[in-house]
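Printed here is protein-v4.cif (mmCIF, C-alpha atoms):
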data_my_file
loop_
_atom_site.group_PDB
_atom_site.id
_atom_site.type_symbol
_atom_site.label_atom_id
_atom_site.label_comp_id
_atom_site.auth_asym_id
_atom_site.auth_seq_id
_atom_site.Cartn_x
_atom_site.Cartn_y
_atom_site.Cartn_z
ATOM 1 C CA MET A 1007 121.096 139.839 110.352
ATOM 2 C CA LYS A 1008 122.909 141.400 107.425
ATOM 3 C CA THR A 1009 120.611 142.420 104.583
ATOM 4 C CA PRO A 1010 121.044 139.903 101.744
ATOM 5 C CA ILE A 1011 122.189 141.008 98.317
ATOM 6 C CA LEU A 1012 119.294 140.617 95.898
ATOM 7 C CA ILE A 1013 119.863 138.941 92.534
ATOM 8 C CA PRO A 1014 116.837 140.430 90.715
ATOM 9 C CA SER A 1015 117.474 139.604 87.072
ATOM 10 C CA VAL A 1016 119.455 137.475 84.669
ATOM 11 C CA THR A 1017 121.316 140.581 83.520
ATOM 12 C CA GLU A 1018 122.436 141.402 87.082
ATOM 13 C CA PHE A 1019 123.344 137.785 87.712
ATOM 14 C CA ASN A 1020 125.463 137.683 84.549
ATOM 15 C CA LYS A 1021 127.093 140.981 85.441
ATOM 16 C CA GLY A 1022 128.199 139.575 88.795
ATOM 17 C CA LYS A 1023 129.658 136.511 87.118
ATOM 18 C CA GLU A 1024 131.144 138.548 84.253
ATOM 19 C CA ILE A 1025 129.435 136.565 81.500
ATOM 20 C CA GLU A 1026 127.662 137.800 78.393
ATOM 21 C CA THR A 1027 123.879 138.152 78.455
ATOM 22 C CA ARG A 1028 122.621 136.303 75.385
ATOM 23 C CA HIS A 1029 118.991 136.352 76.525
ATOM 24 C CA PRO A 1030 117.436 138.720 79.109
ATOM 25 C CA LEU A 1031 115.461 135.964 80.854
ATOM 26 C CA ILE A 1032 117.756 132.908 80.821
ATOM 27 C CA SER A 1033 121.466 132.229 81.106
ATOM 28 C CA VAL A 1034 123.319 128.952 80.599
ATOM 29 C CA PHE A 1035 127.000 129.134 81.440
ATOM 30 C CA LYS A 1036 130.141 127.127 82.027
ATOM 31 C CA GLN A 1037 131.321 127.679 85.560
ATOM 32 C CA GLU A 1038 134.974 127.798 84.494
ATOM 33 C CA ASP A 1039 134.203 130.639 82.055
ATOM 34 C CA SER A 1040 132.608 132.802 84.720
ATOM 35 C CA LYS A 1041 133.727 134.687 87.793
ATOM 36 C CA PRO A 1042 133.035 132.883 91.085
ATOM 37 C CA ILE A 1043 130.212 134.461 93.081
ATOM 38 C CA THR A 1044 131.644 136.590 95.889
ATOM 39 C CA PRO A 1045 131.125 134.962 99.317
ATOM 40 C CA ASN A 1046 128.168 136.731 100.916
ATOM 41 C CA HIS A 1047 124.504 136.342 101.829
ATOM 42 C CA TYR A 1048 122.122 136.460 98.853
ATOM 43 C CA GLN A 1049 118.451 136.322 97.958
ATOM 44 C CA THR A 1050 117.709 135.053 94.484
ATOM 45 C CA GLY A 1051 114.977 136.475 92.295
ATOM 46 C CA LEU A 1052 115.652 133.699 89.798
ATOM 47 C CA TYR A 1053 115.405 129.954 89.415
ATOM 48 C CA LEU A 1054 118.967 128.640 89.735
ATOM 49 C CA ILE A 1055 120.448 125.257 88.838
ATOM 50 C CA PHE A 1056 124.083 124.384 89.563
ATOM 51 C CA LEU A 1057 125.927 121.258 88.463
ATOM 52 C CA LYS A 1058 129.089 120.889 90.517
ATOM 53 C CA ASP A 1059 132.078 119.029 89.118
ATOM 54 C CA SER A 1060 134.886 120.229 91.393
ATOM 55 C CA PRO A 1061 135.571 121.823 94.802
ATOM 56 C CA CYS A 1062 134.255 125.366 95.148
ATOM 57 C CA ALA A 1063 132.531 127.587 97.690
ATOM 58 C CA GLU A 1064 130.269 125.943 100.270
ATOM 59 C CA LEU A 1065 126.587 126.739 99.794
ATOM 60 C CA ILE A 1066 125.026 127.726 103.095
ATOM 61 C CA TYR A 1067 121.350 127.442 103.989
ATOM 62 C CA GLY A 1068 120.559 128.774 107.459
ATOM 63 C CA ARG A 1069 123.406 127.488 109.600
ATOM 64 C CA LYS A 1070 124.085 124.362 107.594
ATOM 65 C CA THR A 1071 125.799 123.585 104.311
ATOM 66 C CA TYR A 1072 124.051 122.078 101.347
ATOM 67 C CA ASP A 1073 124.662 118.422 100.568
ATOM 68 C CA TYR A 1074 126.645 119.704 97.605
ATOM 69 C CA GLN A 1075 129.676 117.656 96.692
ATOM 70 C CA GLU A 1076 131.247 116.840 93.359
ATOM 71 C CA GLY A 1077 128.762 115.416 90.874
ATOM 72 C CA THR A 1078 125.648 116.922 92.449
ATOM 73 C CA LEU A 1079 122.913 119.284 91.329
ATOM 74 C CA VAL A 1080 121.406 122.014 93.483
ATOM 75 C CA PHE A 1081 118.214 123.937 92.735
ATOM 76 C CA MET A 1082 116.916 127.255 94.080
ATOM 77 C CA GLU A 1083 113.710 129.182 93.519
ATOM 78 C CA PRO A 1084 112.881 132.904 93.565
ATOM 79 C CA GLY A 1085 112.841 134.310 97.070
ATOM 80 C CA GLN A 1086 115.245 131.742 98.484
ATOM 81 C CA HIS A 1087 118.093 132.954 100.666
ATOM 82 C CA PHE A 1088 121.510 131.363 100.418
ATOM 83 C CA GLY A 1089 125.082 132.101 101.378
ATOM 84 C CA LEU A 1090 128.513 131.303 100.049
ATOM 85 C CA GLU A 1091 131.600 130.602 102.112
ATOM 86 C CA TYR A 1092 135.053 129.385 101.134
ATOM 87 C CA GLN A 1093 135.816 126.884 103.884
ATOM 88 C CA ASN A 1094 139.502 125.914 104.033
ATOM 89 C CA LEU A 1095 139.798 126.714 100.331
ATOM 90 C CA PRO A 1096 141.139 129.743 98.497
ATOM 91 C CA PRO A 1097 138.654 131.298 96.051
ATOM 92 C CA VAL A 1098 138.765 129.005 93.031
ATOM 93 C CA LYS A 1099 136.831 128.842 89.820
ATOM 94 C CA PRO A 1100 134.351 125.978 90.035
ATOM 95 C CA ASN A 1101 134.007 123.473 87.253
ATOM 96 C CA GLY A 1102 130.572 122.555 85.925
ATOM 97 C CA TRP A 1103 127.504 124.265 84.534
ATOM 98 C CA GLY A 1104 124.822 126.631 85.706
ATOM 99 C CA ILE A 1105 121.404 127.772 84.562
ATOM 100 C CA ALA A 1106 119.634 130.916 85.734
ATOM 101 C CA PHE A 1107 116.190 131.874 84.478
ATOM 102 C CA HIS A 1108 113.531 134.400 85.415
ATOM 103 C CA LYS A 1109 109.908 133.416 85.964
ATOM 104 C CA ASP A 1110 108.908 135.832 83.184
ATOM 105 C CA LEU A 1111 110.517 133.419 80.727
ATOM 106 C CA LEU A 1112 107.621 131.064 81.415
ATOM 107 C CA LYS A 1113 104.812 133.549 80.788
ATOM 108 C CA GLY A 1114 102.252 132.295 78.293
ATOM 109 C CA THR A 1115 103.586 128.720 78.404
ATOM 110 C CA ALA A 1116 102.263 125.530 80.000
ATOM 111 C CA LEU A 1117 105.457 125.383 82.063
ATOM 112 C CA ALA A 1118 104.344 128.504 83.960
ATOM 113 C CA GLN A 1119 101.881 126.300 85.871
ATOM 114 C CA LYS A 1120 103.853 123.066 85.747
ATOM 115 C CA ILE A 1121 106.891 124.670 87.400
ATOM 116 C CA LYS A 1122 105.079 124.264 90.735
ATOM 117 C CA GLU A 1123 105.201 120.491 90.239
ATOM 118 C CA TYR A 1124 109.000 120.503 90.307
ATOM 119 C CA HIS A 1125 109.279 120.587 94.078
ATOM 120 C CA PHE A 1126 113.056 120.191 94.028
ATOM 121 C CA PHE A 1127 113.432 123.954 93.569
ATOM 122 C CA SER A 1128 112.335 124.325 97.198
ATOM 123 C CA TYR A 1129 114.307 121.418 98.655
ATOM 124 C CA ALA A 1130 116.738 122.434 101.370
ATOM 125 C CA VAL A 1131 119.817 121.119 103.178
ATOM 126 C CA HIS A 1132 121.034 117.567 102.572
ATOM 127 C CA GLU A 1133 118.697 117.274 99.611
ATOM 128 C CA ALA A 1134 120.874 117.866 96.554
ATOM 129 C CA LEU A 1135 120.472 115.559 93.558
ATOM 130 C CA HIS A 1136 123.315 113.043 93.340
ATOM 131 C CA ILE A 1137 123.664 111.774 89.791
ATOM 132 C CA SER A 1138 125.521 108.816 88.337
ATOM 133 C CA GLN A 1139 128.048 109.178 85.541
ATOM 134 C CA LYS A 1140 125.454 107.980 83.043
ATOM 135 C CA GLU A 1141 122.892 110.470 84.344
ATOM 136 C CA ARG A 1142 125.502 113.211 84.288
ATOM 137 C CA ALA A 1143 126.207 112.520 80.616
ATOM 138 C CA THR A 1144 122.484 112.845 79.866
ATOM 139 C CA VAL A 1145 122.229 116.103 81.805
ATOM 140 C CA LEU A 1146 125.338 117.566 80.176
ATOM 141 C CA GLU A 1147 124.080 116.787 76.691
ATOM 142 C CA MET A 1148 120.794 118.558 77.339
ATOM 143 C CA ILE A 1149 122.436 121.569 79.036
ATOM 144 C CA GLN A 1150 124.883 121.938 76.175
ATOM 145 C CA THR A 1151 122.043 121.757 73.637
ATOM 146 C CA LEU A 1152 120.258 124.555 75.505
ATOM 147 C CA TYR A 1153 123.527 126.496 75.696
ATOM 148 C CA LEU A 1154 124.013 126.233 71.916
ATOM 149 C CA GLU A 1155 120.437 127.356 71.284
ATOM 150 C CA LEU A 1156 121.133 130.529 73.250
ATOM 151 C CA GLN A 1157 124.107 131.259 70.993
ATOM 152 C CA GLN A 1158 121.746 131.567 68.034
ATOM 153 C CA TYR A 1159 120.003 134.735 66.900
ATOM 154 C CA THR A 1160 116.552 135.097 68.440
ATOM 155 C CA ASP A 1161 113.617 134.439 66.119
ATOM 156 C CA LYS A 1162 109.938 133.538 66.437
ATOM 157 C CA HIS A 1163 110.801 129.926 67.292
ATOM 158 C CA SER A 1164 113.375 130.706 69.988
ATOM 159 C CA LYS A 1165 111.100 130.846 73.049
ATOM 160 C CA GLU A 1166 109.281 127.621 72.202
ATOM 161 C CA ILE A 1167 112.555 125.767 71.630
ATOM 162 C CA ILE A 1168 114.161 127.161 74.813
ATOM 163 C CA ILE A 1169 111.121 126.232 76.918
ATOM 164 C CA SER A 1170 111.023 122.742 75.378
ATOM 165 C CA HIS A 1171 114.686 122.103 76.232
ATOM 166 C CA LEU A 1172 114.252 123.513 79.729
ATOM 167 C CA GLU A 1173 111.143 121.469 80.469
ATOM 168 C CA LEU A 1174 112.817 118.296 79.230
ATOM 169 C CA LEU A 1175 115.692 118.938 81.638
ATOM 170 C CA LEU A 1176 113.274 119.412 84.542
ATOM 171 C CA LYS A 1177 111.501 116.155 83.691
ATOM 172 C CA TYR A 1178 114.804 114.309 83.796
ATOM 173 C CA PHE A 1179 115.701 115.915 87.130
ATOM 174 C CA LYS A 1180 112.380 114.716 88.525
ATOM 175 C CA ARG A 1181 113.081 111.200 87.219
ATOM 176 C CA PHE A 1182 116.565 111.192 88.764
ATOM 177 C CA TYR A 1183 115.226 112.375 92.118
ATOM 178 C CA GLU A 1184 112.724 109.516 92.120
ATOM 179 C CA ARG A 1185 115.619 107.142 91.428
ATOM 180 C CA GLN A 1186 117.509 108.714 94.344
ATOM 181 C CA PHE A 1187 114.566 108.151 96.676
ATOM 182 C CA GLN A 1188 114.621 104.473 95.683
ATOM 183 C CA THR A 1189 118.380 103.954 95.940
ATOM 184 C CA ARG A 1190 118.378 105.510 99.412
ATOM 185 C CA GLU A 1191 115.559 103.186 100.454
ATOM 186 C CA ILE A 1192 117.645 101.486 103.152
ATOM 187 C CA GLU A 1193 118.060 104.824 104.906
ATOM 188 C CA TYR A 1194 114.294 105.332 104.946
ATOM 189 C CA GLN A 1195 113.106 101.713 105.035
ATOM 190 C CA LEU A 1196 111.182 102.249 108.274
ATOM 191 C CA LEU A 1197 109.821 105.586 107.138
ATOM 192 C CA GLU A 1198 106.184 105.011 108.090
ATOM 193 C CA ASP A 1199 107.223 103.685 111.508
ATOM 194 C CA LYS A 1200 109.329 106.818 112.030
ATOM 195 C CA ILE A 1201 106.417 109.052 111.112
ATOM 196 C CA ASN A 1202 104.060 107.226 113.462
ATOM 197 C CA THR A 1203 106.618 107.464 116.272
ATOM 198 C CA LEU A 1204 106.880 111.218 115.716
ATOM 199 C CA LEU A 1205 103.101 111.512 115.832
ATOM 200 C CA GLU A 1206 102.866 109.433 119.008
ATOM 201 C CA HIS A 1207 105.374 111.709 120.750
ATOM 202 C CA TYR A 1208 103.478 114.746 119.466
ATOM 203 C CA LEU A 1209 100.384 113.566 121.347
ATOM 204 C CA LEU A 1210 102.288 112.315 124.400
ATOM 205 C CA ASP A 1211 104.009 115.679 124.752
ATOM 206 C CA ARG A 1212 100.553 117.307 124.522
ATOM 207 C CA LEU A 1213 101.667 119.461 121.622
ATOM 208 C CA ALA A 1214 98.328 118.908 119.900
ATOM 209 C CA GLU A 1215 96.545 120.727 122.723
ATOM 210 C CA LYS A 1216 98.829 123.726 122.256
ATOM 211 C CA GLN A 1217 99.492 123.745 118.508
ATOM 212 C CA GLY A 1218 96.629 121.854 116.891
ATOM 213 C CA PRO A 1219 96.811 118.581 114.948
ATOM 214 C CA PRO A 1220 100.286 117.501 113.752
ATOM 215 C CA SER A 1221 101.294 118.758 110.324
ATOM 216 C CA VAL A 1222 103.424 117.613 107.410
ATOM 217 C CA ARG A 1223 105.810 120.491 108.173
ATOM 218 C CA TYR A 1224 106.256 119.265 111.768
ATOM 219 C CA CYS A 1225 107.153 115.740 110.614
ATOM 220 C CA ALA A 1226 109.513 117.055 107.941
ATOM 221 C CA GLU A 1227 111.344 119.320 110.374
ATOM 222 C CA LYS A 1228 111.741 116.497 112.883
ATOM 223 C CA MET A 1229 113.348 114.411 110.127
ATOM 224 C CA HIS A 1230 115.526 117.389 109.086
ATOM 225 C CA LEU A 1231 113.942 117.580 105.649
ATOM 226 C CA SER A 1232 112.123 120.316 103.782
ATOM 227 C CA PRO A 1233 108.335 119.786 103.553
ATOM 228 C CA ASN A 1234 108.405 119.264 99.787
ATOM 229 C CA TYR A 1235 111.295 116.791 99.889
ATOM 230 C CA PHE A 1236 109.608 114.932 102.747
ATOM 231 C CA GLY A 1237 106.298 114.827 100.877
ATOM 232 C CA ASP A 1238 107.894 113.550 97.669
ATOM 233 C CA LEU A 1239 109.918 110.983 99.597
ATOM 234 C CA VAL A 1240 106.836 109.624 101.363
ATOM 235 C CA LYS A 1241 104.861 109.400 98.123
ATOM 236 C CA GLN A 1242 107.714 107.633 96.352
ATOM 237 C CA GLN A 1243 108.577 105.240 99.187
ATOM 238 C CA LEU A 1244 105.117 104.497 100.563
ATOM 239 C CA GLY A 1245 102.760 105.389 97.733
ATOM 240 C CA LYS A 1246 100.822 107.575 100.173
ATOM 241 C CA ASN A 1247 100.219 111.250 100.751
ATOM 242 C CA PRO A 1248 101.863 112.275 104.075
ATOM 243 C CA GLN A 1249 98.705 114.157 105.061
ATOM 244 C CA ASP A 1250 96.760 110.918 104.683
ATOM 245 C CA ILE A 1251 99.211 109.132 106.984
ATOM 246 C CA ILE A 1252 98.720 111.838 109.630
ATOM 247 C CA GLN A 1253 94.933 111.750 109.322
ATOM 248 C CA ASN A 1254 94.827 107.944 109.475
ATOM 249 C CA PHE A 1255 96.957 108.073 112.618
ATOM 250 C CA LEU A 1256 94.555 110.568 114.209
ATOM 251 C CA ILE A 1257 91.564 108.374 113.330
ATOM 252 C CA THR A 1258 93.263 105.314 114.846
ATOM 253 C CA GLU A 1259 94.026 107.237 118.039
ATOM 254 C CA ALA A 1260 90.508 108.648 118.145
ATOM 255 C CA LYS A 1261 88.995 105.151 117.906
ATOM 256 C CA LYS A 1262 91.201 103.922 120.759
ATOM 257 C CA LEU A 1263 90.154 106.829 122.975
ATOM 258 C CA LEU A 1264 86.475 106.498 122.089
ATOM 259 C CA GLN A 1265 86.524 102.810 123.019
ATOM 260 C CA GLN A 1266 87.973 103.536 126.466
ATOM 261 C CA GLU A 1267 85.099 105.838 127.480
ATOM 262 C CA GLN A 1268 87.114 107.549 130.243
ATOM 263 C CA LYS A 1269 87.154 110.835 128.345
ATOM 264 C CA SER A 1270 84.357 112.891 126.919
ATOM 265 C CA ILE A 1271 84.251 113.589 123.191
ATOM 266 C CA LYS A 1272 85.211 117.189 123.943
ATOM 267 C CA GLU A 1273 88.297 116.040 125.875
ATOM 268 C CA ILE A 1274 89.263 113.637 123.082
ATOM 269 C CA SER A 1275 88.917 116.327 120.424
ATOM 270 C CA LEU A 1276 91.159 118.683 122.413
ATOM 271 C CA SER A 1277 93.783 115.990 123.012
ATOM 272 C CA LEU A 1278 93.998 115.401 119.248
ATOM 273 C CA GLY A 1279 94.376 119.097 118.474
ATOM 274 C CA PHE A 1280 90.792 120.057 117.550
ATOM 275 C CA GLU A 1281 89.771 123.264 119.269
ATOM 276 C CA TYR A 1282 86.069 122.609 118.803
ATOM 277 C CA PRO A 1283 84.305 119.214 119.173
ATOM 278 C CA ASN A 1284 82.176 119.821 116.080
ATOM 279 C CA HIS A 1285 85.362 120.107 113.988
ATOM 280 C CA PHE A 1286 86.536 116.772 115.367
ATOM 281 C CA SER A 1287 83.119 115.192 114.755
ATOM 282 C CA ARG A 1288 83.080 116.408 111.146
ATOM 283 C CA PHE A 1289 86.618 115.101 110.567
ATOM 284 C CA PHE A 1290 85.793 111.728 112.147
ATOM 285 C CA LYS A 1291 82.580 111.287 110.152
ATOM 286 C CA ASN A 1292 84.302 112.223 106.869
ATOM 287 C CA LYS A 1293 86.899 109.515 107.478
ATOM 288 C CA THR A 1294 84.786 106.752 109.025
ATOM 289 C CA GLY A 1295 81.208 107.394 107.931
ATOM 290 C CA SER A 1296 79.940 107.659 111.503
ATOM 291 C CA THR A 1297 80.041 110.324 114.220
ATOM 292 C CA PRO A 1298 82.166 109.841 117.359
ATOM 293 C CA SER A 1299 78.975 109.375 119.364
ATOM 294 C CA ASP A 1300 77.667 106.688 117.015
ATOM 295 C CA PHE A 1301 81.025 104.929 117.047
ATOM 296 C CA ARG A 1302 81.116 104.945 120.848
ATOM 297 C CA SER A 1303 77.537 103.688 121.298
#
Kindly present the structure from the file in structure tokens form.
Amino acid sequence: MKTPILIPSVTEFNKGKEIETRHPLISVFKQEDSKPITPNHYQTGLYLIFLKDSPCAELIYGRKTYDYQEGTLVFMEPGQHFGLEYQNLPPVKPNGWGIAFHKDLLKGTALAQKIKEYHFFSYAVHEALHISQKERATVLEMIQTLYLELQQYTDKHSKEIIISHLELLLKYFKRFYERQFQTREIEYQLLEDKINTLLEHYLLDRLAEKQGPPSVRYCAEKMHLSPNYFGDLVKQQLGKNPQDIIQNFLITEAKKLLQQEQKSIKEISLSLGFEYPNHFSRFFKNKTGSTPSDFRS
């Protein structure tokens, strides 16, 4: 695979887009005022946010394109690989806004820890944020306010104000994603049934014996979602932690097997993905209050 081009800093990012660096750790820019990123394979060292308002290069993740049409927002985190391709389009200047900021901007602020709560930075394909016209107006107003702040001379208040504007934006993005999970409810209305079906096949195919108990990552990949997007979707739709759903499924299956008595506890533990029976017994007791042997007797 071709070595990706690293985007290590805001200054280097701005240089590639031929825009002025007003602040060494954050850049807010109008897409139409900047040079389009050259189609290639990249690795970002920055947090990136793109609001797309017109046709431009396709964003590629792995072998698939992002769900990135007009009126959508895409987020990337440091370390993420992405590609750009112009598919059936000549290189054109996109229309919209972008934000690039370095993690060092957050040092010494509460947002340095909270940034981990904004899972959308690690969402993957088909997981862009689709916003309504009303939501877009809200986002644009906040981005433009941040943009104007960066046009000012830096003083002792600058960092606090910049961080406040940025955090407010992230809170709104989180709100809009939760709205998106709800408005796409029909698509995921049988979500828990789908998860349980995946888990049933995992056991039937004897994957647990080879790979251990099923994981959140396994379920997410089978539904073609990133683990964070899948986890947030499950919490929003079902009000449950996906790990709890998996563990409850394993307990239900364990009870069925223990009631049948054809298999030993060791065989049951292996079939559910537990390498050692004592690990299974500890898990079962933590969830039910009794050991497998007590439950069976």
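CA of Leu1111 (chain A) is positioned 13.9 Å from CA of His1163 (chain A).
Each of A:Tyr1129, A:Phe1182, A:Tyr1053, A:Tyr1208 was compared to Arg1142 (chain A) using only C-alpha atoms, and A:Phe1182 turns out to be the nearest.
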| task | Extract, using only C-alpha atoms, all DNA, RNA and protein residues at most 8 Å from region 1233-1248 of chain A, discarding same-chain residues fewer than 5 positions from it, and format them as a VMD selection string. | result | chain A and resid 1125 to 1126 1128 to 1130 1133 1184 1187 to 1188 1191 1197 to 1198 1222 to 1223 1226 to 1227
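Reported to one decimal place, the separation of CA of Tyr1048 (chain A) from CA of Ile1011 (chain A) is 4.6 Å.
Our summary of the geometry notes that CA of His1285 (chain A) is positioned 28.8 Å from CA of Met1229 (chain A).
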| What residues have an atom no more than 12 Å from (125.3, 117.9, 83.4) in the file's own frame, counting all atoms listed in the file, and can you write them as a ChimeraX atom specification? | /A:1034-1037,1055-1059,1076-1080,1101-1105,1135-1153,1175,1178-1179
| query | Of the candidates A:Thr1203, A:Thr1009, A:Thr1294, A:Ser1040, which shows the shortest atom-to-atom distance to Lys1021 (chain A), using all atoms listed in the file? | reply | A:Ser1040
| Which neighbours of Leu1156 (chain A) fall inside 12 Å, counting all atoms listed in the file, when residues of the same chain fewer than 6 positions from it are skipped, and could you give them as an MDAnalysis selection string? | chainID A and resid 1026:1035 1105 1149:1150 1163:1165 1167:1169 1171:1172
| Among the residues A:Tyr1224, A:Tyr1183, A:Phe1019, A:Phe1289, the one that comes closest to Gln1253 (chain A) [using all atoms listed in the file] | A:Phe1289
Expected selection from the PyMOL selection byres ((chain A and resi 1300) around 12), given as a PDB file with C-alpha atoms, in the coordinates of the input:
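This went into part_37.pdb:
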ATOM      1  CA  LYS A1261      88.995 105.151 117.906  1.00  0.00           C
ATOM      2  CA  LEU A1264      86.475 106.498 122.089  1.00  0.00           C
ATOM      3  CA  GLN A1265      86.524 102.810 123.019  1.00  0.00           C
ATOM      4  CA  ILE A1271      84.251 113.589 123.191  1.00  0.00           C
ATOM      5  CA  SER A1287      83.119 115.192 114.755  1.00  0.00           C
ATOM      6  CA  PHE A1290      85.793 111.728 112.147  1.00  0.00           C
ATOM      7  CA  LYS A1291      82.580 111.287 110.152  1.00  0.00           C
ATOM      8  CA  THR A1294      84.786 106.752 109.025  1.00  0.00           C
ATOM      9  CA  GLY A1295      81.208 107.394 107.931  1.00  0.00           C
ATOM     10  CA  SER A1296      79.940 107.659 111.503  1.00  0.00           C
ATOM     11  CA  THR A1297      80.041 110.324 114.220  1.00  0.00           C
ATOM     12  CA  PRO A1298      82.166 109.841 117.359  1.00  0.00           C
ATOM     13  CA  SER A1299      78.975 109.375 119.364  1.00  0.00           C
ATOM     14  CA  PHE A1301      81.025 104.929 117.047  1.00  0.00           C
ATOM     15  CA  ARG A1302      81.116 104.945 120.848  1.00  0.00           C
ATOM     16  CA  SER A1303      77.537 103.688 121.298  1.00  0.00           C
TER      17      SER A1303
END
| query | Which residues fall under the PyMOL selection byres ((chain A and resi 1049-1052) around 7) in this file, as a ChimeraX atom specification? | reply | /A:1010-1015,1048,1053-1054,1083-1088,1106-1109
